[in-house]
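Have a look at the structure below before the remarks.
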Amino acid sequence: MAGYFSVGGFRTLGTAATPQNLMTIENIDATKLIYIRRVVVQMDATAVLVSVMPQVKLSRATAVPTGGTALSKGQFDTNNASNANSIVRCGTASDGGAATAITATAGTTLWQQYCMRMHTVVGQVLAPDNNVAPLLVDTQDLILRQNQALLIQIVASAGASNPATNHWFCNIVWEED
Amino acid sequence: MAFSFNGSVPGLTALGNDATTQNIYTLTNKVGSRVNVLIRRATVQVDTIAALTSVMPIVRCSRATAISGGAILAPSAYSTTQSSSASVEVRTPVMDGFPITATQGGTVYQQYCARMHTAVEQVLAPDNNVLPALVESQDFIVRPGESILFQVVGATTASNARLSNYWWVSCEWEEDPIATFAISGTVTLSASPVSGAIVTVIEADDESMTNPVLVEKIVTGAGGTWASTIKTGKVGAAYVQYKSGATYYTAPGSPYLE
């Protein structure tokens, strides 16, 4: 059960909650490790926001998350099966669907990102990759041991900063030993 | 690894289809293939020429099944001494009349690309990676019998309007030959070589023919000879059929080729 795996979450609407848990990845295996290799968030905001945009923060959750929607994991090589104890949770069960809240509490922020906002709703809207983990985790191991989890969380300065016109998703790539 | 192919091919420009899903590129490594396909880069671009004030479509990559339709593209090798395996098949839709049909799997990776909230000013077209850039060094493998699909997923049918969105996907990959051993023979009838005989080669995991796969159908030439390969570690078998006028022939098979 070694190899690389990845998953893209469903399109998740802003909930006006401060904060909002977007996605988690957890390892509940006593003998296997997870190495995070990439965490990317993208967002399309379709409404004006003239105040500061939300941040997306990556942290170790204080406990193993619960709730949310467990996602099917993609394989870089179908000869490698992902460990059933590697679990990725999303805050909704369908694109733009109702929230299936992930229960998790953020720890100390590891890394964070702004994504985008529309100060006025004009012109082209692009969608660059927003790396919520530093790119060097490609080669420098960010490790999840037993009962550890990473939380990707939207932190808005006010509920109005993260309305349902914010359309988020997250991609995670990881390696299992 | 000594790769037999390193190259790429961009898809044709595909107009939006006024639907919530649109298949815009597939890569299939056919059953019986003698290579593993290692995807090294997959990017999507879109030019949107009309305003869209709601959420833009997402482009998703997944492992897919049941792929058909569209047009088959010829890959370009980065070295002219190489060529892509005939078992590697890239499909693109051609206008409205030739869509790709496919059943998507779970999302492996995904991207927003662009939209025009209002149609003003300069429009840019950056590369949008539909697989993580790290596949450049970490093998994302499409084994024989597998496919990947790049699919536009709109929130509504209006999100991917026919005359507004112009998509394409580009994919770059390497082909890693799978170890095989050679098998061959000559078809004869009354001690004379037979041309036009059909030799069917199959392989399986073991002598119980677990997971049988049709490797190829060979039509013998003037000398009646045929040759094929079986993957190392697999068990092969070859069977002959020949029709001459209204007379049908067969011959004892060649099973358990290991």
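Chains: A, B, ... in order of the structure tokens. Residues: from 1 per chain. Ligands: from 1, in order shown.
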message: For Asn160 (chain B), find every residue with an atom within 8 Å (counting only C-alpha atoms), except residues of its own chain fewer than 3 positions away, and show them as a list in words.
response: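 In the requested form, the answer reads Gly16, Asn17, Asp18, Ala19, Thr20, Pro57, Gly154, Thr156, Thr157, Ser164 and Asn165 of chain B.
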Can you pull out the residues contacting region 119-134 of chain B? Cut-off 8 Å, using only C-alpha atoms, and skip same-chain residues under 6 positions away; I want them as a short mmCIF file (atom, residue, chain, number, x, y, z; two decimals) with C-alpha atoms, in the first residue's frame.
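Writing done, so here's result.cif:
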```cif
data_model
loop_
_atom_site.label_atom_id
_atom_site.label_comp_id
_atom_site.auth_asym_id
_atom_site.auth_seq_id
_atom_site.Cartn_x
_atom_site.Cartn_y
_atom_site.Cartn_z
CA VAL A 122 -15.58 43.50 -14.15
CA GLY A 123 -13.21 41.83 -16.52
CA GLN A 124 -11.64 38.41 -16.70
CA PRO A 128 -4.28 30.27 -10.41
CA ASP A 138 7.09 17.91 -2.70
CA VAL A 173 -1.86 14.96 -3.21
CA ARG B 40 3.97 13.99 -17.32
CA ARG B 41 1.78 17.03 -17.86
CA ALA B 42 -1.85 17.80 -18.57
CA THR B 43 -3.00 21.36 -19.08
CA VAL B 44 -6.26 22.96 -20.10
CA GLN B 45 -6.93 26.38 -21.51
CA VAL B 46 -10.14 28.18 -22.30
CA ASP B 47 -10.99 31.39 -24.07
CA ILE B 49 -15.77 35.37 -25.24
CA ALA B 50 -19.03 36.09 -23.47
CA ALA B 51 -19.77 37.29 -19.97
CA VAL B 59 -12.25 20.86 -15.44
CA ARG B 60 -11.74 17.48 -13.81
CA CYS B 61 -9.36 14.63 -14.43
CA VAL B 108 -8.11 12.83 -9.26
CA TYR B 109 -7.44 16.53 -9.73
CA GLN B 110 -9.32 19.57 -10.95
CA GLN B 111 -9.01 23.17 -12.06
CA TYR B 112 -10.98 26.30 -12.56
CA CYS B 113 -9.75 28.09 -15.65
CA PHE B 150 -10.69 15.39 -18.84
#
```
Straight-line distance linking CA of Val88 (chain A) with CA of Asn29 (chain B), stated in Å to one decimal:
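CA of Asn29 (chain B) lies 28.8 Å from CA of Val88 (chain A).
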Self-check item: Length of the CA of Thr65 (chain B) to CA of Met95 (chain B) vector [Å]
Solution: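 Pair CA of Thr65 (chain B) / CA of Met95 (chain B) returns 22.2 Å.
Interatomic distance, CA of Phe5 (chain A) against CA of Gln75 (chain A): 4.7 Å.
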Hey, could you make a per-residue contact list for chain A against chain B with 8 Å as the cut-off, showing the nearest pair of atoms and its distance in Å to one decimal, counting only C-alpha atoms, sorted by chain and number, as JSON lines?
```
{"residue": "A:Tyr4", "atom": "CA", "partner": "B:Gln138", "partner_atom": "CA", "distance": 7.8}
{"residue": "A:Ser6", "atom": "CA", "partner": "B:Val108", "partner_atom": "CA", "distance": 5.5}
{"residue": "A:Val7", "atom": "CA", "partner": "B:Val108", "partner_atom": "CA", "distance": 4.7}
{"residue": "A:Gly8", "atom": "CA", "partner": "B:Tyr109", "partner_atom": "CA", "distance": 5.0}
{"residue": "A:Gly9", "atom": "CA", "partner": "B:Thr107", "partner_atom": "CA", "distance": 7.6}
{"residue": "A:Gln42", "atom": "CA", "partner": "B:Tyr112", "partner_atom": "CA", "distance": 7.1}
{"residue": "A:Met43", "atom": "CA", "partner": "B:Tyr112", "partner_atom": "CA", "distance": 8.0}
{"residue": "A:Asp44", "atom": "CA", "partner": "B:Val55", "partner_atom": "CA", "distance": 6.2}
{"residue": "A:Ala45", "atom": "CA", "partner": "B:Val55", "partner_atom": "CA", "distance": 7.3}
{"residue": "A:Thr46", "atom": "CA", "partner": "B:Ser54", "partner_atom": "CA", "distance": 5.8}
{"residue": "A:Ser72", "atom": "CA", "partner": "B:Gly106", "partner_atom": "CA", "distance": 6.0}
{"residue": "A:Lys73", "atom": "CA", "partner": "B:Gly106", "partner_atom": "CA", "distance": 7.1}
{"residue": "A:Gly74", "atom": "CA", "partner": "B:Val108", "partner_atom": "CA", "distance": 4.8}
{"residue": "A:Gln75", "atom": "CA", "partner": "B:Val108", "partner_atom": "CA", "distance": 7.4}
{"residue": "A:Phe76", "atom": "CA", "partner": "B:Phe140", "partner_atom": "CA", "distance": 4.4}
{"residue": "A:Asp77", "atom": "CA", "partner": "B:Ile141", "partner_atom": "CA", "distance": 5.1}
{"residue": "A:Thr78", "atom": "CA", "partner": "B:Ile141", "partner_atom": "CA", "distance": 7.7}
{"residue": "A:Asp95", "atom": "CA", "partner": "B:Ala155", "partner_atom": "CA", "distance": 7.6}
{"residue": "A:Gly96", "atom": "CA", "partner": "B:Ala155", "partner_atom": "CA", "distance": 7.7}
{"residue": "A:Val121", "atom": "CA", "partner": "B:His117", "partner_atom": "CA", "distance": 6.2}
{"residue": "A:Val122", "atom": "CA", "partner": "B:Thr118", "partner_atom": "CA", "distance": 4.9}
{"residue": "A:Gly123", "atom": "CA", "partner": "B:Thr118", "partner_atom": "CA", "distance": 4.8}
{"residue": "A:Gln124", "atom": "CA", "partner": "B:Met116", "partner_atom": "CA", "distance": 4.3}
{"residue": "A:Val125", "atom": "CA", "partner": "B:Arg115", "partner_atom": "CA", "distance": 5.3}
{"residue": "A:Leu126", "atom": "CA", "partner": "B:Ala114", "partner_atom": "CA", "distance": 4.6}
{"residue": "A:Ala127", "atom": "CA", "partner": "B:Cys113", "partner_atom": "CA", "distance": 5.4}
{"residue": "A:Pro128", "atom": "CA", "partner": "B:Asn128", "partner_atom": "CA", "distance": 7.4}
{"residue": "A:Asp138", "atom": "CA", "partner": "B:Leu134", "partner_atom": "CA", "distance": 7.4}
{"residue": "A:His167", "atom": "CA", "partner": "B:Val55", "partner_atom": "CA", "distance": 7.0}
{"residue": "A:Asn171", "atom": "CA", "partner": "B:Tyr109", "partner_atom": "CA", "distance": 6.2}
{"residue": "A:Val173", "atom": "CA", "partner": "B:Pro132", "partner_atom": "CA", "distance": 7.9}
```
query = Which residues come within 12 Å of Ser87 (chain B), counting only C-alpha atoms, excluding same-chain residues fewer than 2 positions away, as an MDAnalysis selection string?
reply = chainID B and resid 27:37 72 74:75 83:85 89:90 142:147 175 177 215:216
query: Which neighbours of region 48-60 of chain A fall inside 10 Å, counting only C-alpha atoms, when residues of the same chain fewer than 2 positions from it are skipped, and could you give them as a ChimeraX atom specification?
result: /A:18-26,39,41-42,45-46,62-64,104-122,130-133,144,148-163,165
Show which residues sit within 12 Å of Thr101 (chain B), as a PDB file with N, CA and C atoms, in the first residue's frame. Count only C-alpha atoms, and ignore same-chain residues fewer than 5 positions away.
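Output below, filename selection.pdb:
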```
ATOM      1  N   THR B  21     -22.000  18.695 -18.357  1.00  0.00           N
ATOM      2  CA  THR B  21     -20.726  17.984 -18.494  1.00  0.00           C
ATOM      3  C   THR B  21     -20.342  17.911 -19.968  1.00  0.00           C
ATOM      4  N   GLN B  22     -19.066  17.968 -20.219  1.00  0.00           N
ATOM      5  CA  GLN B  22     -18.551  17.836 -21.582  1.00  0.00           C
ATOM      6  C   GLN B  22     -17.189  17.157 -21.511  1.00  0.00           C
ATOM      7  N   ASN B  23     -17.052  16.071 -22.233  1.00  0.00           N
ATOM      8  CA  ASN B  23     -15.779  15.351 -22.281  1.00  0.00           C
ATOM      9  C   ASN B  23     -14.898  15.983 -23.352  1.00  0.00           C
ATOM     10  N   ILE B  24     -13.730  16.506 -22.967  1.00  0.00           N
ATOM     11  CA  ILE B  24     -12.934  17.251 -23.942  1.00  0.00           C
ATOM     12  C   ILE B  24     -11.616  16.571 -24.297  1.00  0.00           C
ATOM     13  N   TYR B  25     -11.276  15.453 -23.656  1.00  0.00           N
ATOM     14  CA  TYR B  25     -10.019  14.779 -24.022  1.00  0.00           C
ATOM     15  C   TYR B  25      -9.970  13.468 -23.262  1.00  0.00           C
ATOM     16  N   THR B  26      -9.553  12.432 -23.945  1.00  0.00           N
ATOM     17  CA  THR B  26      -9.308  11.160 -23.259  1.00  0.00           C
ATOM     18  C   THR B  26      -8.001  10.575 -23.759  1.00  0.00           C
ATOM     19  N   ALA B  64     -11.330   6.826 -16.208  1.00  0.00           N
ATOM     20  CA  ALA B  64     -12.653   6.669 -16.807  1.00  0.00           C
ATOM     21  C   ALA B  64     -12.778   5.307 -17.483  1.00  0.00           C
ATOM     22  N   THR B  65     -14.003   4.966 -17.820  1.00  0.00           N
ATOM     23  CA  THR B  65     -14.297   3.708 -18.516  1.00  0.00           C
ATOM     24  C   THR B  65     -15.246   3.997 -19.675  1.00  0.00           C
ATOM     25  N   ALA B  66     -15.449   2.973 -20.486  1.00  0.00           N
ATOM     26  CA  ALA B  66     -16.448   3.009 -21.578  1.00  0.00           C
ATOM     27  C   ALA B  66     -16.248   4.207 -22.493  1.00  0.00           C
ATOM     28  N   ILE B  67     -15.057   4.352 -23.039  1.00  0.00           N
ATOM     29  CA  ILE B  67     -14.740   5.512 -23.876  1.00  0.00           C
ATOM     30  C   ILE B  67     -14.949   5.180 -25.351  1.00  0.00           C
ATOM     31  N   SER B  68     -15.646   6.077 -26.017  1.00  0.00           N
ATOM     32  CA  SER B  68     -15.842   5.927 -27.459  1.00  0.00           C
ATOM     33  C   SER B  68     -16.142   7.301 -28.042  1.00  0.00           C
ATOM     34  N   GLY B  69     -16.218   7.348 -29.369  1.00  0.00           N
ATOM     35  CA  GLY B  69     -16.587   8.584 -30.053  1.00  0.00           C
ATOM     36  C   GLY B  69     -15.432   9.538 -30.225  1.00  0.00           C
ATOM     37  N   GLY B  70     -15.743  10.729 -30.702  1.00  0.00           N
ATOM     38  CA  GLY B  70     -14.729  11.733 -30.955  1.00  0.00           C
ATOM     39  C   GLY B  70     -13.835  11.352 -32.121  1.00  0.00           C
ATOM     40  N   ALA B  71     -12.738  12.060 -32.236  1.00  0.00           N
ATOM     41  CA  ALA B  71     -11.737  11.758 -33.259  1.00  0.00           C
ATOM     42  C   ALA B  71     -10.464  11.314 -32.573  1.00  0.00           C
ATOM     43  N   ARG B  91      -8.313  10.783 -27.760  1.00  0.00           N
ATOM     44  CA  ARG B  91      -9.541  11.224 -28.430  1.00  0.00           C
ATOM     45  C   ARG B  91      -9.877  12.669 -28.072  1.00  0.00           C
ATOM     46  N   THR B  92     -10.438  13.358 -29.036  1.00  0.00           N
ATOM     47  CA  THR B  92     -10.903  14.727 -28.845  1.00  0.00           C
ATOM     48  C   THR B  92     -12.266  14.852 -29.508  1.00  0.00           C
ATOM     49  N   PRO B  93     -13.144  15.675 -28.978  1.00  0.00           N
ATOM     50  CA  PRO B  93     -14.413  15.873 -29.683  1.00  0.00           C
ATOM     51  C   PRO B  93     -14.191  16.725 -30.928  1.00  0.00           C
ATOM     52  N   LEU B 149      -9.716  10.717 -18.324  1.00  0.00           N
ATOM     53  CA  LEU B 149     -10.702  11.598 -18.955  1.00  0.00           C
ATOM     54  C   LEU B 149     -10.548  13.002 -18.390  1.00  0.00           C
ATOM     55  N   PHE B 150     -10.630  13.983 -19.260  1.00  0.00           N
ATOM     56  CA  PHE B 150     -10.690  15.388 -18.843  1.00  0.00           C
ATOM     57  C   PHE B 150     -12.075  15.912 -19.222  1.00  0.00           C
ATOM     58  N   GLN B 151     -12.773  16.372 -18.215  1.00  0.00           N
ATOM     59  CA  GLN B 151     -14.191  16.680 -18.384  1.00  0.00           C
ATOM     60  C   GLN B 151     -14.504  18.065 -17.815  1.00  0.00           C
TER      61      GLN B 151
END
```
**Message:** I need the residue nearest Thr225 (chain B) from this list: B:Ile100, B:Val88, B:Ala14, B:Ala197. Use only C-alpha atoms for the distance.
**Reply:**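 The answer is B:Ala197, which sits nearest to Thr225 (chain B).
Inside region 52-169 of chain B, the residues DSSP reads as helix (DSSP H, G or I) when given the backbone are Ala133, Leu134, Val135, Glu136, Thr157, Ala158, Ser159 and Asn160 of chain B.
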Would you mind exporting the chosen residues as a CSV table (one decimal), in the first residue's frame, restricted to N, CA and C atoms?
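After the write, out-v9.csv holds the following:
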```csv
chain,number,residue,atom,x,y,z
B,133,ALA,N,1.5,19.3,-11.0
B,133,ALA,CA,2.7,19.4,-11.7
B,133,ALA,C,3.7,18.4,-11.3
B,134,LEU,N,3.6,17.8,-10.1
B,134,LEU,CA,4.6,16.9,-9.6
B,134,LEU,C,4.5,15.5,-10.4
B,135,VAL,N,3.6,15.3,-11.3
B,135,VAL,CA,3.6,14.1,-12.1
B,135,VAL,C,4.8,14.1,-13.0
B,136,GLU,N,5.4,15.3,-13.2
B,136,GLU,CA,6.6,15.3,-14.0
B,136,GLU,C,7.7,14.4,-13.5
B,157,THR,N,-26.2,24.5,-17.3
B,157,THR,CA,-26.0,24.4,-18.7
B,157,THR,C,-25.5,25.7,-19.3
B,158,ALA,N,-25.9,26.8,-18.7
B,158,ALA,CA,-25.5,28.1,-19.2
B,158,ALA,C,-24.0,28.4,-18.9
B,159,SER,N,-23.4,27.6,-18.0
B,159,SER,CA,-22.0,27.9,-17.6
B,159,SER,C,-21.0,27.5,-18.7
B,160,ASN,N,-21.5,26.7,-19.6
B,160,ASN,CA,-20.5,26.2,-20.6
B,160,ASN,C,-21.2,26.4,-22.0
```
- Test item: residues at most 12 Å from Lys243 (chain B), only C-alpha atoms, excluding those fewer than 2 positions along its chain, as a PyMOL selection string: chain B and resi 189+194-198+219+240-241+245-251
Residues from last step as file, C-alpha atoms, as an mmCIF file, in the first residue's frame:
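Below you can see part.cif, which holds the result:
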```cif
data_model
loop_
_atom_site.group_PDB
_atom_site.id
_atom_site.type_symbol
_atom_site.label_atom_id
_atom_site.label_comp_id
_atom_site.auth_asym_id
_atom_site.auth_seq_id
_atom_site.Cartn_x
_atom_site.Cartn_y
_atom_site.Cartn_z
ATOM 1 C CA LEU B 189 -2.118 -27.047 -44.296
ATOM 2 C CA VAL B 194 -1.125 -20.859 -45.288
ATOM 3 C CA SER B 195 -1.610 -17.175 -45.885
ATOM 4 C CA GLY B 196 -4.750 -15.493 -44.644
ATOM 5 C CA ALA B 197 -5.080 -17.693 -41.587
ATOM 6 C CA ILE B 198 -6.203 -15.924 -38.435
ATOM 7 C CA VAL B 219 -3.498 -12.582 -40.306
ATOM 8 C CA VAL B 240 -5.719 -20.701 -35.507
ATOM 9 C CA GLN B 241 -8.707 -20.364 -37.778
ATOM 10 C CA GLY B 245 -14.036 -21.143 -49.791
ATOM 11 C CA ALA B 246 -16.790 -22.826 -47.853
ATOM 12 C CA THR B 247 -14.356 -24.956 -45.863
ATOM 13 C CA TYR B 248 -13.435 -23.996 -42.323
ATOM 14 C CA TYR B 249 -10.221 -25.192 -40.686
ATOM 15 C CA THR B 250 -8.773 -25.007 -37.272
ATOM 16 C CA ALA B 251 -5.742 -26.562 -35.643
#
```
